[in-house]
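K.L.:
Next comes the structure file run07.pdb, holding PDB, C-alpha atoms.
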```
ATOM      1  CA  MET A 544       7.883   8.969  -4.948
ATOM      2  CA  ARG A 545       7.394   6.674  -7.930
ATOM      3  CA  ARG A 546       7.246   3.606  -5.682
ATOM      4  CA  LEU A 547       4.413   5.121  -3.663
ATOM      5  CA  ALA A 548       2.293   5.241  -6.833
ATOM      6  CA  VAL A 549       1.391   1.610  -6.219
ATOM      7  CA  PHE A 550      -0.895   2.656  -3.354
ATOM      8  CA  ALA A 551      -4.522   3.081  -4.351
ATOM      9  CA  GLY A 552      -5.631   5.495  -1.691
ATOM     10  CA  ALA A 553      -4.266   5.962   1.780
ATOM     11  CA  PHE A 554      -1.257   4.174   3.215
ATOM     12  CA  ASP A 555       0.605   4.281   6.483
ATOM     13  CA  LEU A 556       4.310   4.572   7.071
ATOM     14  CA  ASP A 557       4.676   0.851   7.737
ATOM     15  CA  ALA A 558       3.139   0.050   4.337
ATOM     16  CA  ALA A 559       5.355   2.580   2.565
ATOM     17  CA  VAL A 560       8.510   1.271   4.218
ATOM     18  CA  SER A 561       7.492  -2.308   3.395
ATOM     19  CA  ILE A 562       7.372  -1.642  -0.333
ATOM     20  CA  GLY A 563       9.745   1.265  -0.909
ATOM     21  CA  PRO A 564      13.328   0.712   0.205
ATOM     22  CA  ASP A 565      15.407  -2.031  -1.383
ATOM     23  CA  THR A 566      17.336  -2.780   1.802
ATOM     24  CA  ALA A 567      16.783  -2.370   5.528
ATOM     25  CA  GLY A 568      19.505   0.273   5.545
ATOM     26  CA  ASP A 569      17.489   2.416   3.136
ATOM     27  CA  ARG A 570      14.560   2.581   5.577
ATOM     28  CA  ASN A 571      15.544   5.836   7.295
ATOM     29  CA  THR A 572      16.382   7.496   4.000
ATOM     30  CA  PHE A 573      12.999   6.446   2.620
ATOM     31  CA  ILE A 574      11.178   7.851   5.657
ATOM     32  CA  GLU A 575      13.047  11.120   5.224
ATOM     33  CA  LEU A 576      12.052  11.218   1.550
ATOM     34  CA  ILE A 577       8.391  10.753   2.495
ATOM     35  CA  HIS A 578       8.719  13.593   5.007
ATOM     36  CA  ASN A 579      10.195  15.825   2.297
ATOM     37  CA  LEU A 580       7.358  14.953  -0.100
ATOM     38  CA  VAL A 581       4.858  15.922   2.608
ATOM     39  CA  LEU A 582       6.653  19.247   3.086
ATOM     40  CA  LYS A 583       6.452  19.847  -0.678
ATOM     41  CA  SER A 584       2.711  19.003  -0.635
ATOM     42  CA  LEU A 585       3.198  16.078  -3.019
ATOM     43  CA  ILE A 586       1.844  13.748  -0.351
ATOM     44  CA  THR A 587      -1.068  14.656   1.876
ATOM     45  CA  ILE A 588      -1.084  13.586   5.486
ATOM     46  CA  ASP A 589      -4.211  12.720   7.462
ATOM     47  CA  LEU A 590      -4.004  13.081  11.219
ATOM     48  CA  THR A 591      -7.738  12.750  11.937
ATOM     49  CA  GLY A 592      -7.939   8.989  12.513
ATOM     50  CA  PRO A 593      -6.312   6.806  15.121
ATOM     51  CA  ASP A 594      -3.323   6.310  12.807
ATOM     52  CA  VAL A 595      -1.429   8.719  10.600
ATOM     53  CA  SER A 596      -2.065   8.042   6.942
ATOM     54  CA  TYR A 597      -0.609   9.416   3.748
ATOM     55  CA  ARG A 598      -1.919   9.745   0.222
ATOM     56  CA  LEU A 599      -0.505  10.816  -3.103
ATOM     57  CA  LEU A 600      -2.637  13.346  -4.899
ATOM     58  CA  ASP A 601      -4.259  11.738  -7.950
ATOM     59  CA  THR A 602      -2.292  13.777 -10.485
ATOM     60  CA  THR A 603       0.918  13.117  -8.592
ATOM     61  CA  ARG A 604       0.103   9.411  -8.441
ATOM     62  CA  LEU A 605      -0.414   9.238 -12.217
ATOM     63  CA  TYR A 606       2.890  11.010 -12.837
ATOM     64  CA  ALA A 607       4.676   8.778 -10.326
ATOM     65  CA  TRP A 608       3.124   5.664 -11.909
ATOM     66  CA  GLU A 609       4.546   6.699 -15.294
ATOM     67  CA  LYS A 610       7.970   7.104 -13.695
ATOM     68  CA  LEU A 611       7.628   3.711 -11.988
ATOM     69  CA  ALA A 612       6.880   2.104 -15.350
ATOM     70  CA  GLU A 613       9.761   3.947 -17.026
ATOM     71  CA  ALA A 614      12.121   2.700 -14.318
ATOM     72  CA  GLN A 615      10.883  -0.841 -15.031
ATOM     73  CA  GLU A 616      10.120  -1.325 -11.340
ATOM     74  CA  ALA A 617       6.343  -1.702 -11.539
ATOM     75  CA  ALA A 618       6.244  -5.500 -11.330
ATOM     76  CA  THR A 619       8.663  -5.623  -8.391
ATOM     77  CA  ILE A 620       6.882  -2.888  -6.437
ATOM     78  CA  CYS A 621       3.419  -4.310  -7.205
ATOM     79  CA  LYS A 622       4.604  -7.687  -5.901
ATOM     80  CA  ARG A 623       5.890  -6.073  -2.686
ATOM     81  CA  HIS A 624       2.589  -4.224  -2.339
ATOM     82  CA  ALA A 625       0.571  -7.425  -2.792
ATOM     83  CA  ASP A 626       2.815  -9.340  -0.370
ATOM     84  CA  TYR A 627       2.420  -6.593   2.215
ATOM     85  CA  PHE A 628      -1.376  -6.639   2.026
ATOM     86  CA  LYS A 629      -1.399 -10.437   2.130
ATOM     87  CA  ARG A 630       0.419 -10.147   5.482
ATOM     88  CA  VAL A 631      -1.985  -7.428   6.664
ATOM     89  CA  LEU A 632      -4.971  -9.591   5.780
ATOM     90  CA  GLY A 633      -3.398 -12.556   7.555
ATOM     91  CA  VAL A 634      -2.988 -10.544  10.754
ATOM     92  CA  SER A 635      -6.446  -9.019  10.473
ATOM     93  CA  ALA A 636      -8.053 -12.440   9.992
ATOM     94  CA  GLY A 637      -6.804 -13.451  13.425
ATOM     95  CA  GLU A 638      -8.554 -10.416  14.905
ATOM     96  CA  THR A 639     -12.022 -11.235  13.581
ATOM     97  CA  GLU A 640     -12.823 -13.381  16.623
ATOM     98  CA  ALA A 641     -11.515 -10.840  19.153
ATOM     99  CA  MET A 642     -13.194  -7.730  17.698
ATOM    100  CA  SER A 643     -16.755  -6.812  16.849
ATOM    101  CA  THR A 644     -17.496  -6.662  13.139
ATOM    102  CA  ILE A 645     -17.846  -2.878  13.247
ATOM    103  CA  SER A 646     -14.547  -2.421  15.096
ATOM    104  CA  TRP A 647     -12.796  -4.799  12.735
ATOM    105  CA  LEU A 648     -14.139  -2.983   9.658
ATOM    106  CA  ARG A 649     -13.110   0.392  11.116
ATOM    107  CA  ALA A 650      -9.607  -0.926  11.669
ATOM    108  CA  HIS A 651      -9.157  -2.789   8.391
ATOM    109  CA  GLY A 652     -11.736  -1.445   5.935
ATOM    110  CA  ARG A 653      -9.351   1.365   5.028
ATOM    111  CA  HIS A 654      -7.186  -1.227   3.265
ATOM    112  CA  LEU A 655      -9.861  -2.121   0.726
ATOM    113  CA  PRO A 656      -8.634   0.125  -2.148
ATOM    114  CA  ASN A 657      -5.101  -1.237  -1.765
ATOM    115  CA  VAL A 658      -6.293  -4.832  -1.462
ATOM    116  CA  ARG A 659      -8.324  -4.399  -4.643
ATOM    117  CA  ALA A 660      -5.296  -2.973  -6.446
ATOM    118  CA  ALA A 661      -3.123  -5.834  -5.184
ATOM    119  CA  ILE A 662      -5.670  -8.425  -6.334
ATOM    120  CA  GLU A 663      -5.986  -6.742  -9.726
ATOM    121  CA  TRP A 664      -2.222  -6.832 -10.203
ATOM    122  CA  ALA A 665      -1.910 -10.397  -8.910
ATOM    123  CA  PHE A 666      -4.500 -11.635 -11.432
ATOM    124  CA  SER A 667      -2.791  -9.729 -14.286
ATOM    125  CA  ALA A 668      -0.481 -11.301 -16.835
ATOM    126  CA  GLU A 669       2.620 -10.270 -14.883
ATOM    127  CA  GLY A 670       1.070 -11.088 -11.504
ATOM    128  CA  ASP A 671       1.118 -14.149  -9.292
ATOM    129  CA  LEU A 672      -1.929 -16.432  -9.309
ATOM    130  CA  ASP A 673      -1.147 -18.036  -5.931
ATOM    131  CA  LEU A 674      -0.814 -14.598  -4.376
ATOM    132  CA  ALA A 675      -4.049 -13.515  -6.089
ATOM    133  CA  LEU A 676      -5.919 -16.429  -4.535
ATOM    134  CA  ASP A 677      -4.429 -15.787  -1.087
ATOM    135  CA  LEU A 678      -5.404 -12.106  -1.297
ATOM    136  CA  THR A 679      -8.909 -12.916  -2.483
ATOM    137  CA  ILE A 680      -9.510 -15.396   0.318
ATOM    138  CA  GLY A 681      -7.971 -13.049   2.875
ATOM    139  CA  ALA A 682     -10.169 -10.184   1.671
ATOM    140  CA  VAL A 683     -13.477 -12.038   2.104
ATOM    141  CA  PRO A 684     -14.191 -10.389   5.511
ATOM    142  CA  LEU A 685     -13.825  -6.958   3.881
ATOM    143  CA  TRP A 686     -16.771  -7.714   1.628
TER     144      TRP A 686
END
```
Could you write out this structure as structure tokens?
P.N.:
Amino acid sequence: MRRLAVFAGAFDLDAAVSIGPDTAGDRNTFIELIHNLVLKSLITIDLTGPDVSYRLLDTTRLYAWEKLAEAQEAATICKRHADYFKRVLGVSAGETEAMSTISWLRAHGRHLPNVRAAIEWAFSAEGDLDLALDLTIGAVPLW
């Protein structure tokens, strides 16, 4: 759960699996853990959109963030988070020509809180300036 604290807002299973497990073999275990957190109401699940999304409750996220910091994993997980959203923005940039602006924003606008969080981390003292610039340029269509 502590690794999911990096998400600022909603996330999908692909995003969670991209930042959470340390190895490919841990993927199924991580998915099962997310399922268990949903059953315990520590993660909310949204089935209303075209894709299933998850969200940590704000109080749960704050607690999980403290645990992430205590485990000294924050920098590693924030880097994974930023790398993931850099890839998402790279894929979405290729879709700008094929989709209308409204369709594109509906599909990718939901990433804005996470992109902002990734940019904030990347520009921080423990972040990665090259990654920050890539994220900022990739996020231009969102604004």
K.L.:
Mind checking which residues fall within 8 Å of region 562-576 of chain A, counting all atoms listed in the file, ignoring those fewer than 5 positions away in the same chain, and posting them as a list in words?
P.N.:
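Final neighbour list, sorted by chain and number: Arg546, Leu547, Leu556, Ile620, Arg623, His624 and Tyr627 of chain A.
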K.L.:
Could you give me, as a ChimeraX atom specification, the residues within 8 Å of Gly652 (chain A), counting all atoms listed in the file and dropping anything in the same chain fewer than 4 positions from it?
P.N.:
/A:647-648,685
K.L.:
Of the residues A:Val634, A:Leu580, A:Ile680, A:Arg545, which is the one nearest to Ala614 (chain A), using only C-alpha atoms?
P.N.:
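Selected residue with least distance to Ala614 (chain A): A:Arg545.
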K.L.:
For CA of Ile662 (chain A) and CA of Ser596 (chain A), quote the distance in Å rounded to one decimal.
P.N.:
21.5 Å
K.L.:
Dump as a PDB file with C-alpha atoms, in the frame of the given file all residues having an atom at most 12 Å from (-12.5, 3.8, 3.5), computed in the file's coordinates with only C-alpha atoms.
P.N.:
```
ATOM      1  CA  ALA A 551      -4.522   3.081  -4.351  1.00  0.00           C
ATOM      2  CA  GLY A 552      -5.631   5.495  -1.691  1.00  0.00           C
ATOM      3  CA  ALA A 553      -4.266   5.962   1.780  1.00  0.00           C
ATOM      4  CA  PHE A 554      -1.257   4.174   3.215  1.00  0.00           C
ATOM      5  CA  GLY A 592      -7.939   8.989  12.513  1.00  0.00           C
ATOM      6  CA  SER A 596      -2.065   8.042   6.942  1.00  0.00           C
ATOM      7  CA  LEU A 648     -14.139  -2.983   9.658  1.00  0.00           C
ATOM      8  CA  ARG A 649     -13.110   0.392  11.116  1.00  0.00           C
ATOM      9  CA  ALA A 650      -9.607  -0.926  11.669  1.00  0.00           C
ATOM     10  CA  HIS A 651      -9.157  -2.789   8.391  1.00  0.00           C
ATOM     11  CA  GLY A 652     -11.736  -1.445   5.935  1.00  0.00           C
ATOM     12  CA  ARG A 653      -9.351   1.365   5.028  1.00  0.00           C
ATOM     13  CA  HIS A 654      -7.186  -1.227   3.265  1.00  0.00           C
ATOM     14  CA  LEU A 655      -9.861  -2.121   0.726  1.00  0.00           C
ATOM     15  CA  PRO A 656      -8.634   0.125  -2.148  1.00  0.00           C
ATOM     16  CA  ASN A 657      -5.101  -1.237  -1.765  1.00  0.00           C
ATOM     17  CA  VAL A 658      -6.293  -4.832  -1.462  1.00  0.00           C
ATOM     18  CA  LEU A 685     -13.825  -6.958   3.881  1.00  0.00           C
TER      19      LEU A 685
END
```
K.L.:
Determine, counting only C-alpha atoms, which protein, DNA and RNA residues have an atom within 8 Å of an atom of Cys621 (chain A); residues of the same chain fewer than 4 positions away are not included. Present the result as a list of chain:residue names.
P.N.:
A:Val549, A:Ala617, A:Ala625, A:Ala661, A:Trp664
K.L.:
Nearest to Leu600 (chain A): which of A:Gln615, A:Thr587, A:Asn579, A:Thr679 is it, counting all atoms listed in the file?
P.N.:
A:Thr587
K.L.:
One decimal, Å: what's the distance from CA of Leu582 (chain A) over to CA of Tyr597 (chain A), could you say?
P.N.:
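About the pair CA of Leu582 (chain A) and CA of Tyr597 (chain A): they are 12.2 Å apart.
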